[in-house]
Every structure is written in C-alpha cells, then in structure tokens.
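Visitor: Can you read through this structure? Questions will come right after.
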There are 2 protein chains.
Amino acid sequence: MNRVFNFSAGPATLPEAVLQQAADEMLCYGDSGQSVMEMSHRSKEYQAIIDACEALLRKVMNIPENYKVLFLQGGASSQFAMIPLNLMNKTGKADFVLTGQWANKAYQEASKLCGADNCNVVASSKDKTFSYIPELDSSKFNPTADYFHICLNNTIYGTRFAKLPETGNVPLVADMSSCILSEPIDVSKFGLIYAGAQKNMGPAGLTVVIVREDLIGNAKAGTPTMFDYTTHADNGSMYNTPPTYGIYILKLVLEWIEKQGGLDAMKVHNEKKAAILYNFLDNSKMFKATVEGEDRSLMNVPFITGNDELDAKFVAEAKKEGFINLKGHRSVGGMRASIYNAMPVEGVEKLVAFMQKFEAENA
Amino acid sequence: MNRVFNFSAGPATLPEAVLQQAADEMLCYGDSGQSVMEMSHRSKEYQAIIDACEALLRKVMNIPENYKVLFLQGGASSQFAMIPLNLMNKTGKADFVLTGQWANKAYQEASKLCGADNCNVVASSKDKTFSYIPELDSSKFNPTADYFHICLNNTIYGTRFAKLPETGNVPLVADMSSCILSEPIDVSKFGLIYAGAQKNMGPAGLTVVIVREDLIGNAKAGTPTMFDYTTHADNGSMYNTPPTYGIYILKLVLEWIEKQGGLDAMKVHNEKKAAILYNFLDNSKMFKATVEGEDRSLMNVPFITGNDELDAKFVAEAKKEGFINLKGHRSVGGMRASIYNAMPVEGVEKLVAFMQKFEAENA
C-alpha cells in the first residue's frame, strides 16, 4: 500500500492513525460485537460515542456552556438556508461580506429566502477574483442586523480573515468549513459557527453547528422541521438518525488532535507547513502565490506559474510522483495545495522539493 | 472478535463481507493511495464510485430511464418536507394513509408547509396502534391530488402494504426506508420512492430518492435551494459534497446483493426468515406476533408475551446470548426483531431456538 500526499480541498486527507483505527474497529467496536455503522443510534454504545464526541469538541475548542453543539447533515449549503430561516427574525436584516463563492452563496440564499433588500453587502473582493480580504468600513455595518456573516477561510481563493470584524451586539456568523480546528479561536466572539466536516473534521455528510442558545427558538413560520435548529437542539442531534459513522470518525479525529497537543499544537503545525510553502513561493522565479500578506490562508494555498500549459504539466507530473489534487479551482486557475491538519510537514517538504526540481527542469 | 446478531430497526446489521471489504480498503482504495473517505468528490476515482453505485441500483431495482436517482442527506425526515415543497404545486392537494409514526410525520410536515386543509387523510389505523393496514376506500381518494403518500413498510409496527393502492394518474409516493431492496418492486408504479439508507442500504446519513423526471422542476417559491430536487437532479447529486463514504458502502451492499442473486433471491431469503419467525410465534404459547395475516412485514417483526416483566427478562437474557436490540418500540412495547437483508437465516434460527428455550424455562 502506497499512500499518496493528498492536497484535495475537501473531502481531504485524514490522519493515518484515524483510518487505521477505523479499519481495525470496522467489524467490531470494542466488545460490542458490531460495527459503529451498524449500531442503533438509540443504543447505549452509540450514545457514549456521540456524547464523547461532543465533550471532546467542547474541550478542544473551549466552547462555552451557553452554546449548543449540533451534529447535522446537508453541508454548509444547507446552513446557507438554515441561518436566515432561524436568525433573520427580529429586524429581518443581515450583513454579508463577500469574499468568495461560498460567502456569496450564503448571501444569495438569504436573499432568496428573506428578501434581497434585507441583505446588506458590507464589502466584496470580487473585483480581484476574491484574492484579498476587503477592508471593512464599520459605518456600512447595520447596527440592528440580526446577524453579520463571514466566511472565515475561503477555500477556493486561499484567503482568511486575520482579524474578526467588530460587530458589537450583532451576532457574528462564520462559515469555518475549511479552517475549523486548525488553530484556537474564541468561540464567544461568534453567535454561530458552522462547518462541513470534510476538511478538518472527518467524512463528508456531517455538518457541525455551534450556536449560542439565545439564537435558537425563533425560526420563521414555514421553516421545515429539519431546518429548525430547535428540532436538533431539543433532541441532542437525535430528532432523526444522525450521520452516526461520521460522528464516530470526528471523535477519532478529535482524539488524534488532543494527542498532538490540541489546537495550540495544530496552529504551530499549520503555520510551519504554510511558512515552508509560502517561503518557497515568495522566492521562486516560476511559481507565485495568488494571495499576499496577512490575508493568506493557513489551509489553502493557491499558486500559479502564469502559463497554463506549464501549470497543467506541473499538475500531471506531480500526480505521477504521488502529490495529488493540486489542480486549482477553475475560477482561479493554476494550482492549489490544501494543507489541512492531517497533512504532515513531510508532505509539504516533499512537495516543495518536487517544485524546486520541476522549476530547475523547466526553467 | 465475536459478532452479535443485531436485530436493530436501524441503523442495522450490514453484510459481514461488506464490512470486511470496507476495512481492507480503508487506508487505500484500489491503487488510489487514499481512503474513499479522503477522495475529492470531483475526482475521477470518486466519480467512478458514484456512477457505479447508481448503475447498480438501477440494475438491481430495474429503475426505468425516466426516473432520476438522487443521493441526498437529511434522512426520510427531510423528505417529509421536500416532497410537499416540490410536488404540491398543481392543485396543491395531497392524499395520505396514516399507518404509523413515520406516515404521520409525512402528513404533518405537509400540513405544516402546505396547509392542513390541503392534506387529505384517506385512512388511518391509529385506532389499533397501527397494528394493521387499513382498507382503502377509493371514493375517498382525491383524483386531482398532486400525490398520494404511503409508508410501504412500517418499521415500528411491523406492517406492510401487501398490495399497492390504485391511484390512477395521481403519483404514488412511498417511504421505503425499511423495505427497499428487500424484494423486487415495480418502480414504474410510483412517482417517487425515498429511503433512508440505514436499514437495507448502508450507513445513516445517506438518503436515496428515485423520482419520475416529470415531477422535478416545480418546487414552490421560497423552497430552500438544498430542498429543491432540481438542484440535485441537475448536478448528478453533486451540487455540494454528497455523503461520499455512505454512497461507497451502498455500492458494496449492492454488489453483495447481486452476488446473492439480486432482489428475487433477497425475497426468497427474507420470506424464509420471516416464515421461521412467524411460524414459531403462531405456535408459541408464550410469544405472540402483534400483526396478523398479509399485513405482516417481512422486515420488522414485533411480538409480545403480554407480560412486561417477562418481556424485559427476555430482552436482557437474549442480549447476554448475543441477540441484541430486541426491545420493541415504546409505542408498541414488547419485542421487535428487525430481520433486514443482511440478517442471515442462521441468526433467525438461533433466535427462535433461544426463544424456545426461554419459553420452556419460563413456562
């Protein structure tokens, strides 16, 4: 078995130790005589798994008591609807910063469901293909908005908010799909955090929502039962059958993170990898990062040669050497290396060595 | 490793050969160098898996060309909303047969989203704790309803429709969560079939929808994008990241079904198991099935002793012997043995032998 270095933006590489444990336990979890996949979600055995998963997530992320953790389905795309349906219920207005495709989808779905006139675009970086985080002019913030939405890390464009907008009493809502668990964050600064699991948490099909309790319970009339946070908060994410196996894998990933030293250690690990790659890019004559300065993501690193043929050649040769999924998103072109928690330093070092070799051979 | 016989109503037992293959491939699928869980859903490797899964499902169920197969999230509970939002769009009326908790939830969600006055209850078996399938009086059918909803097999109560209602031009919509793939069905008799995967198909978190193409494309205004069948039909279930690993497991399960001889063989296998259990129950002096005659489910077999203490003793002793999850649903009491495709004949034979022994010891 020859494992590749997988730079996919998501679903993405997982810790090998997690996969090994999942394989070992596939036919029999502990002394239960069953696979986790076969367990009744109402069984004691499974309740222990989901409880441990939530407790670990609370510990690792230091989630305050007055926040609910929900294990949902439907991806961030379902949150784009659930958030306005549940939160746009006082003034019926919300603020949005458009920093990429996903931030834009959150804005568009809120506009569709709650009226475009009620959705205020505070700033956008569309003018330069979302290659930067726009300066925020707080005079454009609506001080009575029901929430203020950002996408904290922009997977496609490789940008991230280095500092959070100061929204005062307006709940800050953040899509953290591609940066959750990558470094410590202060959960108390957010009203709601959401993330598809398939980057830093586990398999696709699990979505984690961390929501301040006072924001639950006011869904608009006509909200489908499954799109009402109350439904899930009141039932411990067990209103219906949750994605049981995905939650189990998240538990294993959280155990792995704890063993590495928690989110402080993850931050060191991720900054180290990002520095290796950005330093190389900043010194290369062939390759160039598409994002500058403090807006640079720790997780997703887009880069180009400026020559489409050369880009394609690089991606193809890299694949042969076991560096896969390096092709950039079609909206940016070039390449992108996603270097989530589970990507080892060795993977980035070897990628850079390969890039150096490729540059020398194709100069 | 001592595998138990798992009679859970869902998530439920899976074929051991499927679990073994999943374990073997966990760190490296084929020569891809990755786990299926780590694969980009946009990669060639993964596209081949989802394509093969759909092709196999079409072959095994003999799904006509003019039906779309959708791989979704959110369980049957999300379908309870998606169906009225997408289908109650011509006369805005629908018919419902209430044969249990899930059938009732489908009715209630349609009532909530599209108006109780528009939802016609054709028949109900609530008067006897849903222990039978009610006779249907076709004069109570609305001939211009947008759809006619049934729950084909009622997991909690152990009933099933032995024959389908004749709804003429009104699309028949069926929740088949607990009986899909258990025997051949004529898909062309249905407008829409839906099923949570966690009984006969694979892990929780995957929902399969089989829908006639002409029923797609007319969602009500204000339907969330993720709740519009068009979104998923137009994008090959890849509008956003699908539950990739669940789809892979479904593919393995379908391969296993094919190897057993397809749905004809499944029917023989399931009828054999059900006959062993019902025959014993019909001849026991202690245990009694709660459902009679042709309404009896092949998949879920509830039974009682009539004595709560004895029931509890039975469930506890059975568990010690490796027969787990035999406790009945709280609304029925007693016991329930769910004997889905993956339950071997041996499991039912050994359960009956244990019941005989228990009966002798506790007479």
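Here's how to read the names in the structure tokens: chain A, B, ... by the order shown, residue numbers from 1 in each chain, ligand numbers from 1 in the order shown.
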Looking only at the backbone, which of the residues in stretch 29-108 of chain A does DSSP tag as strand (DSSP E or B), as an MDAnalysis selection string?
Guide: chainID A and resid 67:72 94:98
Visitor: With a distance threshold of 8 Å and counting only C-alpha atoms, extract the residues of chain A near chain B and express them as a VMD selection string.
Guide: chain A and resid 1 to 4 6 8 to 14 16 19 to 20 22 to 24 26 to 28 31 to 35 37 to 41 43 72 to 75 77 to 78 81 109 112 to 113 202 to 206 222 to 226 240 to 245 325
Visitor: Would you kindly return, as a ChimeraX atom specification, each protein, DNA or RNA residue with an atom no farther than 10 Å from any atom of stretch 160-162 of chain B, considering only C-alpha atoms and excluding same-chain residues fewer than 2 positions away?
Guide: /B:99,131-134,150-155,157-158,164-165,178-179,291,293-300
Visitor: Take the selection from the previous step and output its residues with N, CA, C and O atoms, as a short mmCIF file (atom, residue, chain, number, x, y, z; two decimals), in the first residue's frame.
Guide:
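Wrote it out as again21.cif, contents follow:
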```
data_model
loop_
_atom_site.label_atom_id
_atom_site.label_comp_id
_atom_site.auth_asym_id
_atom_site.auth_seq_id
_atom_site.Cartn_x
_atom_site.Cartn_y
_atom_site.Cartn_z
N THR B 99 -50.41 5.03 8.61
CA THR B 99 -50.19 3.66 9.08
C THR B 99 -49.10 3.59 10.15
O THR B 99 -48.60 2.51 10.44
N SER B 131 -51.61 -1.49 14.11
CA SER B 131 -51.23 -2.90 14.00
C SER B 131 -51.78 -3.57 12.74
O SER B 131 -51.68 -4.78 12.58
N TYR B 132 -52.37 -2.78 11.84
CA TYR B 132 -52.87 -3.34 10.58
C TYR B 132 -52.81 -2.26 9.50
O TYR B 132 -52.63 -1.08 9.80
N ILE B 133 -52.94 -2.69 8.26
CA ILE B 133 -53.04 -1.76 7.14
C ILE B 133 -54.53 -1.56 6.85
O ILE B 133 -55.24 -2.54 6.59
N PRO B 134 -55.01 -0.33 6.92
CA PRO B 134 -56.46 -0.13 6.76
C PRO B 134 -56.92 -0.42 5.32
O PRO B 134 -56.16 -0.23 4.37
N ILE B 150 -47.83 6.96 0.91
CA ILE B 150 -47.88 5.82 1.83
C ILE B 150 -46.49 5.54 2.40
O ILE B 150 -45.48 5.92 1.81
N CYS B 151 -46.48 4.88 3.54
CA CYS B 151 -45.24 4.31 4.07
C CYS B 151 -45.37 2.81 3.83
O CYS B 151 -46.20 2.15 4.46
N LEU B 152 -44.58 2.29 2.89
CA LEU B 152 -44.82 0.94 2.38
C LEU B 152 -44.62 -0.13 3.46
O LEU B 152 -45.35 -1.11 3.51
N ASN B 153 -43.63 0.09 4.29
CA ASN B 153 -43.35 -0.84 5.39
C ASN B 153 -43.18 -0.02 6.65
O ASN B 153 -42.41 0.94 6.67
N ASN B 154 -43.91 -0.39 7.70
CA ASN B 154 -43.93 0.42 8.91
C ASN B 154 -43.04 -0.22 9.97
O ASN B 154 -43.44 -1.17 10.66
N THR B 155 -41.85 0.34 10.08
CA THR B 155 -40.76 -0.20 10.90
C THR B 155 -41.19 -0.47 12.34
O THR B 155 -40.83 -1.50 12.92
N TYR B 157 -44.27 -0.75 13.68
CA TYR B 157 -45.46 -1.57 13.94
C TYR B 157 -45.42 -2.92 13.23
O TYR B 157 -46.25 -3.79 13.51
N GLY B 158 -44.45 -3.07 12.31
CA GLY B 158 -44.31 -4.36 11.63
C GLY B 158 -45.41 -4.69 10.65
O GLY B 158 -45.77 -5.85 10.47
N LEU B 164 -50.55 -2.48 -3.52
CA LEU B 164 -50.47 -1.02 -3.60
C LEU B 164 -51.84 -0.42 -3.87
O LEU B 164 -52.66 -1.01 -4.57
N PRO B 165 -52.10 0.78 -3.35
CA PRO B 165 -53.33 1.49 -3.71
C PRO B 165 -53.32 1.81 -5.20
O PRO B 165 -52.27 2.12 -5.77
N SER B 178 -37.58 1.12 5.22
CA SER B 178 -37.30 -0.15 5.88
C SER B 178 -37.64 -1.38 5.03
O SER B 178 -37.63 -2.50 5.55
N CYS B 179 -37.90 -1.18 3.72
CA CYS B 179 -38.12 -2.36 2.88
C CYS B 179 -37.46 -2.28 1.52
O CYS B 179 -37.50 -3.26 0.76
N VAL B 291 -49.06 -8.47 14.74
CA VAL B 291 -49.70 -8.23 13.43
C VAL B 291 -50.14 -9.56 12.83
O VAL B 291 -49.46 -10.58 13.02
N GLY B 293 -51.81 -11.89 9.44
CA GLY B 293 -52.11 -12.06 8.02
C GLY B 293 -51.18 -11.36 7.05
O GLY B 293 -49.98 -11.20 7.32
N GLU B 294 -51.76 -10.93 5.95
CA GLU B 294 -50.94 -10.41 4.86
C GLU B 294 -50.35 -9.03 5.17
O GLU B 294 -49.49 -8.55 4.42
N ASP B 295 -50.79 -8.40 6.26
CA ASP B 295 -50.20 -7.11 6.62
C ASP B 295 -48.82 -7.26 7.27
O ASP B 295 -48.14 -6.27 7.52
N ARG B 296 -48.44 -8.49 7.57
CA ARG B 296 -47.18 -8.70 8.28
C ARG B 296 -45.96 -8.31 7.44
O ARG B 296 -45.80 -8.72 6.30
N SER B 297 -45.10 -7.53 8.07
CA SER B 297 -43.86 -7.10 7.43
C SER B 297 -42.89 -8.27 7.31
O SER B 297 -42.82 -9.14 8.18
N LEU B 298 -42.12 -8.26 6.22
CA LEU B 298 -41.01 -9.23 6.10
C LEU B 298 -39.77 -8.76 6.85
O LEU B 298 -38.83 -9.53 7.04
N MET B 299 -39.77 -7.50 7.21
CA MET B 299 -38.55 -6.88 7.73
C MET B 299 -38.55 -6.67 9.23
O MET B 299 -37.52 -6.78 9.88
N ASN B 300 -39.71 -6.31 9.78
CA ASN B 300 -39.79 -5.95 11.20
C ASN B 300 -40.89 -6.77 11.83
O ASN B 300 -42.05 -6.69 11.41
#
```
Visitor: Could you pull out the alpha helix (DSSP H) residues of stretch 49-142 of chain B, going by DSSP on the backbone, and write them as a PyMOL selection string?
Guide: chain B and resi 49-61+75-87+101-114
Visitor: Could you dump the residues just selected with C-alpha atoms as a PDB file, in the first residue's frame?
Guide:
```
ATOM      1  CA  ILE B  49     -17.724   5.021  -7.496  1.00  0.00           C
ATOM      2  CA  ILE B  50     -20.897   7.107  -7.533  1.00  0.00           C
ATOM      3  CA  ASP B  51     -21.563   6.222 -11.180  1.00  0.00           C
ATOM      4  CA  ALA B  52     -21.148   2.523 -10.440  1.00  0.00           C
ATOM      5  CA  CYS B  53     -23.418   2.844  -7.415  1.00  0.00           C
ATOM      6  CA  GLU B  54     -26.184   4.475  -9.436  1.00  0.00           C
ATOM      7  CA  ALA B  55     -25.809   1.980 -12.309  1.00  0.00           C
ATOM      8  CA  LEU B  56     -26.001  -0.943  -9.877  1.00  0.00           C
ATOM      9  CA  LEU B  57     -29.060   0.463  -8.123  1.00  0.00           C
ATOM     10  CA  ARG B  58     -30.757   0.975 -11.497  1.00  0.00           C
ATOM     11  CA  LYS B  59     -29.928  -2.585 -12.485  1.00  0.00           C
ATOM     12  CA  VAL B  60     -30.868  -4.246  -9.192  1.00  0.00           C
ATOM     13  CA  MET B  61     -34.167  -2.337  -8.856  1.00  0.00           C
ATOM     14  CA  GLY B  75     -32.990  11.221   6.166  1.00  0.00           C
ATOM     15  CA  ALA B  76     -36.628  10.486   5.400  1.00  0.00           C
ATOM     16  CA  SER B  77     -37.422  13.336   7.799  1.00  0.00           C
ATOM     17  CA  SER B  78     -36.081  15.818   5.247  1.00  0.00           C
ATOM     18  CA  GLN B  79     -38.126  14.127   2.531  1.00  0.00           C
ATOM     19  CA  PHE B  80     -41.252  14.778   4.599  1.00  0.00           C
ATOM     20  CA  ALA B  81     -40.621  18.458   3.736  1.00  0.00           C
ATOM     21  CA  MET B  82     -39.057  18.121   0.286  1.00  0.00           C
ATOM     22  CA  ILE B  83     -41.948  16.081  -1.118  1.00  0.00           C
ATOM     23  CA  PRO B  84     -44.711  18.636  -0.464  1.00  0.00           C
ATOM     24  CA  LEU B  85     -42.425  21.568  -1.315  1.00  0.00           C
ATOM     25  CA  ASN B  86     -41.625  20.007  -4.693  1.00  0.00           C
ATOM     26  CA  LEU B  87     -44.817  18.139  -5.547  1.00  0.00           C
ATOM     27  CA  GLN B 101     -45.458   7.332  13.184  1.00  0.00           C
ATOM     28  CA  TRP B 102     -43.481   7.968  10.008  1.00  0.00           C
ATOM     29  CA  ALA B 103     -46.523   8.090   7.740  1.00  0.00           C
ATOM     30  CA  ASN B 104     -47.972  10.553  10.228  1.00  0.00           C
ATOM     31  CA  LYS B 105     -44.881  12.725  10.209  1.00  0.00           C
ATOM     32  CA  ALA B 106     -45.011  12.904   6.403  1.00  0.00           C
ATOM     33  CA  TYR B 107     -48.617  14.071   6.732  1.00  0.00           C
ATOM     34  CA  GLN B 108     -47.900  16.562   9.493  1.00  0.00           C
ATOM     35  CA  GLU B 109     -44.963  18.171   7.708  1.00  0.00           C
ATOM     36  CA  ALA B 110     -47.003  18.547   4.506  1.00  0.00           C
ATOM     37  CA  SER B 111     -49.789  20.080   6.608  1.00  0.00           C
ATOM     38  CA  LYS B 112     -47.351  22.480   8.238  1.00  0.00           C
ATOM     39  CA  LEU B 113     -45.747  23.600   4.984  1.00  0.00           C
ATOM     40  CA  CYS B 114     -48.725  23.483   2.596  1.00  0.00           C
TER      41      CYS B 114
END
```
Visitor: Looking at B:Met335, B:His232, B:Met355, B:Leu263, which one is nearest to B:Asn283, with distances taken over only C-alpha atoms?
Guide: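 The shortest atom-to-atom distance to B:Asn283 comes from B:Met355.
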Visitor: Quick one: pull the distance between atom CA of B:Lys267 and atom CA of B:Asp95, Å, one decimal.
Guide: 29.4 Å
Visitor: Residues near A:Glu346, anyone? I mean within 12 Å using only C-alpha atoms, not counting same-chain ones fewer than 6 positions away, as a ChimeraX atom specification.
Guide: /A:4-5,269,272-273,276-277,323,339,352-353
Visitor: Take atom CA of B:Glu309 and atom CA of B:Lys288 and report the distance between them in Å, one decimal.
Guide: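 Answer for the atom CA of B:Glu309 to atom CA of B:Lys288 separation: 15.4 Å.
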Visitor: Fewer than 5 positions away in the same chain doesn't count, so skip those; otherwise give me all residues within 8 Å of stretch 213-217 of chain A, counting only C-alpha atoms, as a tab-separated table (two decimals) with N, CA and C atoms, in the first residue's frame.
Guide:
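The resulting file, around.tsv, is reproduced below:
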```tsv
chain	number	residue	atom	x	y	z
A	66	ASN	N	-22.97	28.13	27.20
A	66	ASN	CA	-24.21	28.66	26.62
A	66	ASN	C	-24.26	28.51	25.09
A	67	TYR	N	-23.48	27.57	24.59
A	67	TYR	CA	-23.55	27.24	23.17
A	67	TYR	C	-23.97	25.78	23.02
A	68	LYS	N	-24.83	25.53	22.04
A	68	LYS	CA	-25.20	24.16	21.69
A	68	LYS	C	-24.29	23.68	20.57
A	86	ASN	N	-33.60	30.78	10.59
A	86	ASN	CA	-33.63	30.75	12.05
A	86	ASN	C	-33.26	32.08	12.70
A	87	LEU	N	-32.40	32.87	12.01
A	87	LEU	CA	-31.85	34.06	12.68
A	87	LEU	C	-32.43	35.39	12.19
A	191	GLY	N	-21.79	34.30	17.20
A	191	GLY	CA	-23.15	33.86	17.52
A	191	GLY	C	-23.36	32.44	17.04
A	228	ASP	N	-35.06	23.68	11.35
A	228	ASP	CA	-35.22	24.49	12.56
A	228	ASP	C	-34.21	24.00	13.59
A	229	TYR	N	-33.31	24.88	14.02
A	229	TYR	CA	-32.30	24.47	15.00
A	229	TYR	C	-32.92	23.89	16.26
A	230	THR	N	-34.12	24.39	16.61
A	230	THR	CA	-34.79	23.90	17.82
A	230	THR	C	-34.97	22.38	17.77
```
Visitor: Which value, in Å to one decimal, gives the distance between atom CA of B:Gly168 and atom CA of B:Ala219?
Guide: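 Straight-line distance from atom CA of B:Gly168 to atom CA of B:Ala219 works out to 22.7 Å.
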Visitor: Would you please work out which residue, of B:Asn200, B:Asn362, B:Asn142, B:Asn279, is nearest to B:Lys93 when using only C-alpha atoms?
Guide: B:Asn142
